[in-house]
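A.B. asks: Mind looking over this structure? Questions follow.
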Amino acid sequence: MIDIIVPVFNESEIIETFLKTLKKELKKQKFRVIIVDDSNDNTFLIANKTCKDLRIKNKIIRRFQRLGKGSAVNTGLKELNSEYTVLIDADLEYHPKYILPMIKMLKDYNLVTSVRIRKDPWYRRILGFFFKKYVQLLFGISFETQSGLKVFRTKDVKGLNLISKGWVYDVELIYKFLKKNLSVGTFKIEYTTRTAGKTKIGFLTPFQMLKDLLVLRFSLKS
């Protein structure tokens, strides 16, 4: 059994397609989706109907306000009861076809995070380079942290409480695994841009993330 945590904010244009794709890729696998919904659009109604139509086992948590992606993930972590857990975005930038191959890697690792193969404009490559170096300097993590698809054994996050409310929860999650001497592996995926809905990352988001990383570092023990 697999629990799949899906944090969403205003994904009414793509949530149905996402759930249909998920069902198709995991058709022979028992799974449950845990959707943590901060939306102020029709995401909940569409997700609820689609899950019923496709007979997808689900738990949809409506929070009625935007509390942050890290906060949504943390809420989802408290609902787990399966052997494996998946974190994935609903925008299909991370295709569900990678879920099962990544779970197979858990025979060798405690957590597997996707690493994106992508073609970015020069300015995004520069920003990505400096962000990666910044994470390495503060946390000692040398691989990509911000990819939105991760899998791990549920038992390894029992009692885990993420203090990061925003985008840098990925760094905190990986860091806490490593501090517990739990192994982390990487899996390369082809990254695609969303075809519906709007990105939630704005112009100021990278600067907020740099600030949040610094605050996180001083909030965590050694």
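Residues in the structure tokens are named by chain (A, B, ... in the order shown) and by number from 1 within that chain; ligands are numbered from 1 in the order shown.
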Excluding region 159-174 of chain A and any residue of its chain fewer than 5 positions from it, enumerate the residues within 8 Å of it, using only C-alpha atoms, and give them as a ChimeraX atom specification.
C.D. replies: /A:67-72,74,77,135,145-146,184,209,212-213,216
A.B. asks: Kindly indicate which residue among A:Val215, A:Leu100, A:Val73, A:Ile189 lies nearest to Lys27 (chain A), using only C-alpha atoms for the distances.
C.D. replies: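 Of A:Val215, A:Leu100, A:Val73, A:Ile189, the one nearest Lys27 (chain A), counting only C-alpha atoms, is A:Leu100.
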A.B. asks: Using backbone DSSP assignments, extract all helix (DSSP H, G or I) residues from region 42-76 of chain A; output them as a ChimeraX atom specification.
C.D. replies: /A:43-54,69-76
A.B. asks: Compile the contact shell of region 9-25 of chain A as a ChimeraX atom specification: residues with an atom at most 9 Å away, counting only C-alpha atoms, same-chain residues fewer than 4 positions apart removed.
C.D. replies: /A:29,33,36-47,49-51,54,56,66,69,90-92,95-100,194-198,200
A.B. asks: What would the file look like if the residues just selected were written as a compact mmCIF listing (two decimals), in the first residue's frame with C-alpha atoms?
C.D. replies:
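Saved file result-v1.txt follows:
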```txt
# COMPACT_ATOMS: atom_id res chain seq x y z
CA GLN A 29 -1.06 -1.04 -7.12
CA VAL A 33 -4.17 9.92 -2.21
CA VAL A 36 -4.09 18.80 1.30
CA ASP A 37 -6.06 21.61 -0.26
CA ASP A 38 -5.48 25.30 0.47
CA SER A 39 -7.42 26.41 -2.61
CA ASN A 40 -10.03 29.10 -3.07
CA ASP A 41 -11.25 27.69 -6.39
CA ASN A 42 -13.06 24.44 -7.33
CA THR A 43 -10.08 22.13 -6.76
CA PHE A 44 -11.78 20.29 -3.89
CA LEU A 45 -15.02 19.66 -5.78
CA ILE A 46 -13.24 18.37 -8.87
CA ALA A 47 -10.80 16.22 -6.86
CA LYS A 49 -15.74 13.88 -7.83
CA THR A 50 -12.80 12.45 -9.79
CA CYS A 51 -11.75 10.23 -6.90
CA LEU A 54 -12.28 6.54 -10.57
CA ILE A 56 -9.53 6.15 -5.87
CA ARG A 66 -2.97 29.32 1.96
CA LYS A 69 3.50 24.02 0.82
CA ALA A 90 -0.45 17.86 -8.96
CA ASP A 91 0.79 19.95 -11.90
CA LEU A 92 2.21 16.93 -13.80
CA HIS A 95 5.03 12.41 -14.08
CA PRO A 96 3.53 9.65 -11.90
CA LYS A 97 5.19 7.03 -14.14
CA TYR A 98 8.34 7.49 -12.06
CA ILE A 99 6.71 6.56 -8.75
CA LEU A 100 7.05 2.76 -8.92
CA ARG A 194 2.77 22.42 -16.71
CA THR A 195 0.14 22.56 -19.45
CA ALA A 196 -2.69 23.94 -17.32
CA GLY A 197 -3.04 26.16 -14.29
CA LYS A 198 -0.56 28.74 -13.07
CA LYS A 200 2.78 29.39 -7.67
```
A.B. asks: Which residue, A:Lys104, A:Arg32, A:Val157, A:Gly185, has the smallest gap to Ser142 (chain A) when you use only C-alpha atoms?
C.D. replies: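 Ranking A:Lys104, A:Arg32, A:Val157, A:Gly185 by distance to Ser142 (chain A), first place goes to A:Gly185.
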A.B. asks: List the neighbours of Phe31 (chain A) out to 8 Å using only C-alpha atoms; skip same-chain residues closer than 3 positions along the sequence, and give me the result as a list in words.
C.D. replies: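 These residues fall inside the cut-off: Met1, Ile2, Asp3, Ile4, Leu26, Ile56 and Lys57 of chain A.
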A.B. asks: Dump N, CA and C atoms for the selected residues as a JSON list (two decimals), in the first residue's frame?
C.D. replies:
```json
[["chain", "number", "residue", "atom", "x", "y", "z"],
["A", 1, "MET", "N", 0.84, -1.20, 0.00],
["A", 1, "MET", "CA", 0.00, 0.00, 0.00],
["A", 1, "MET", "C", 0.88, 1.25, 0.00],
["A", 2, "ILE", "N", 0.45, 2.26, -0.75],
["A", 2, "ILE", "CA", 1.21, 3.50, -0.88],
["A", 2, "ILE", "C", 0.30, 4.67, -0.52],
["A", 3, "ASP", "N", 0.78, 5.56, 0.33],
["A", 3, "ASP", "CA", 0.12, 6.83, 0.58],
["A", 3, "ASP", "C", 0.78, 7.90, -0.28],
["A", 4, "ILE", "N", -0.02, 8.69, -0.96],
["A", 4, "ILE", "CA", 0.51, 9.71, -1.87],
["A", 4, "ILE", "C", 0.03, 11.08, -1.41],
["A", 26, "LEU", "N", -0.70, 3.59, -11.74],
["A", 26, "LEU", "CA", -0.70, 2.72, -10.55],
["A", 26, "LEU", "C", -1.88, 1.76, -10.55],
["A", 56, "ILE", "N", -10.84, 5.96, -6.50],
["A", 56, "ILE", "CA", -9.53, 6.15, -5.87],
["A", 56, "ILE", "C", -9.74, 6.37, -4.38],
["A", 57, "LYS", "N", -9.10, 5.55, -3.58],
["A", 57, "LYS", "CA", -9.16, 5.74, -2.13],
["A", 57, "LYS", "C", -8.51, 7.07, -1.81]]
```
A.B. asks: Give the answer as one residue: which of A:Tyr109, A:Tyr84, A:Phe64, A:Phe207 has the shortest atom-to-atom distance to Arg153 (chain A), using only C-alpha atoms?
C.D. replies: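 Smallest separation from Arg153 (chain A) among the options: A:Tyr84.
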A.B. asks: Between CA of Ile61 (chain A) and CA of Glu144 (chain A), measure the distance and give it in Å to one decimal.
C.D. replies: 29.0 Å
A.B. asks: I'd like to know which of A:Arg116, A:Lys221, A:Lys59, A:Lys180 is closest to Ile5 (chain A), using only C-alpha atoms.
C.D. replies: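 Closest to Ile5 (chain A), using only C-alpha atoms: A:Lys59.
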A.B. asks: I need the residues of region 88-149 of chain A that end up classed as strand (DSSP E or B) by DSSP on the backbone, written out as a list of chain:residue names.
C.D. replies: A:Ile88, A:Leu111, A:Val112, A:Thr113, A:Ser114, A:Val115, A:Arg116, A:Ile117, A:Leu149
A.B. asks: CA of Leu220 (chain A) and CA of Glu83 (chain A), how far apart in Å?
C.D. replies: 27.6 Å
A.B. asks: Between CA of Ser82 (chain A) and CA of Asn110 (chain A), what is the spacing in Å?
C.D. replies: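 Distance reported for this atom pair: 14.8 Å.
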A.B. asks: Find the residues near Leu149 (chain A): any atom within 7 Å, counting only C-alpha atoms, skip ones fewer than 2 places away on the same chain, and give them as JSON, numbers by chain.
C.D. replies: {"A": [87, 88, 94, 113, 114, 147]}
A.B. asks: Restricting it to N, CA and C atoms, dump the selection as a PDB file, in the first residue's frame.
C.D. replies:
```pdb
ATOM      1  N   LEU A  87       5.597  11.878  -2.121  1.00  0.00           N
ATOM      2  CA  LEU A  87       5.271  13.301  -2.207  1.00  0.00           C
ATOM      3  C   LEU A  87       5.308  13.674  -3.680  1.00  0.00           C
ATOM      4  N   ILE A  88       4.241  14.264  -4.180  1.00  0.00           N
ATOM      5  CA  ILE A  88       4.219  14.641  -5.591  1.00  0.00           C
ATOM      6  C   ILE A  88       3.302  15.849  -5.785  1.00  0.00           C
ATOM      7  N   TYR A  94       6.027  16.553 -12.709  1.00  0.00           N
ATOM      8  CA  TYR A  94       6.675  15.311 -12.287  1.00  0.00           C
ATOM      9  C   TYR A  94       5.700  14.182 -12.592  1.00  0.00           C
ATOM     10  N   THR A 113      14.872  10.832  -3.920  1.00  0.00           N
ATOM     11  CA  THR A 113      14.374  12.094  -4.452  1.00  0.00           C
ATOM     12  C   THR A 113      14.696  12.193  -5.935  1.00  0.00           C
ATOM     13  N   SER A 114      13.772  12.727  -6.693  1.00  0.00           N
ATOM     14  CA  SER A 114      14.006  12.872  -8.128  1.00  0.00           C
ATOM     15  C   SER A 114      14.959  14.035  -8.398  1.00  0.00           C
ATOM     16  N   SER A 147      13.212  19.207  -6.134  1.00  0.00           N
ATOM     17  CA  SER A 147      12.341  18.461  -7.031  1.00  0.00           C
ATOM     18  C   SER A 147      11.111  17.971  -6.274  1.00  0.00           C
TER      19      SER A 147
END
```
A.B. asks: Counting only C-alpha atoms, which of A:Val151, A:Phe139, A:Pro7, A:Phe130 gets nearest to Leu214 (chain A)?
C.D. replies: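 The closest residue to Leu214 (chain A) is A:Phe139.
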A.B. asks: Could you check the closest approach to Lys155 (chain A) for each of A:Leu80, A:Gly128, A:Lys133, A:Phe187 and tell me which residue wins, using only C-alpha atoms?
C.D. replies: A:Leu80
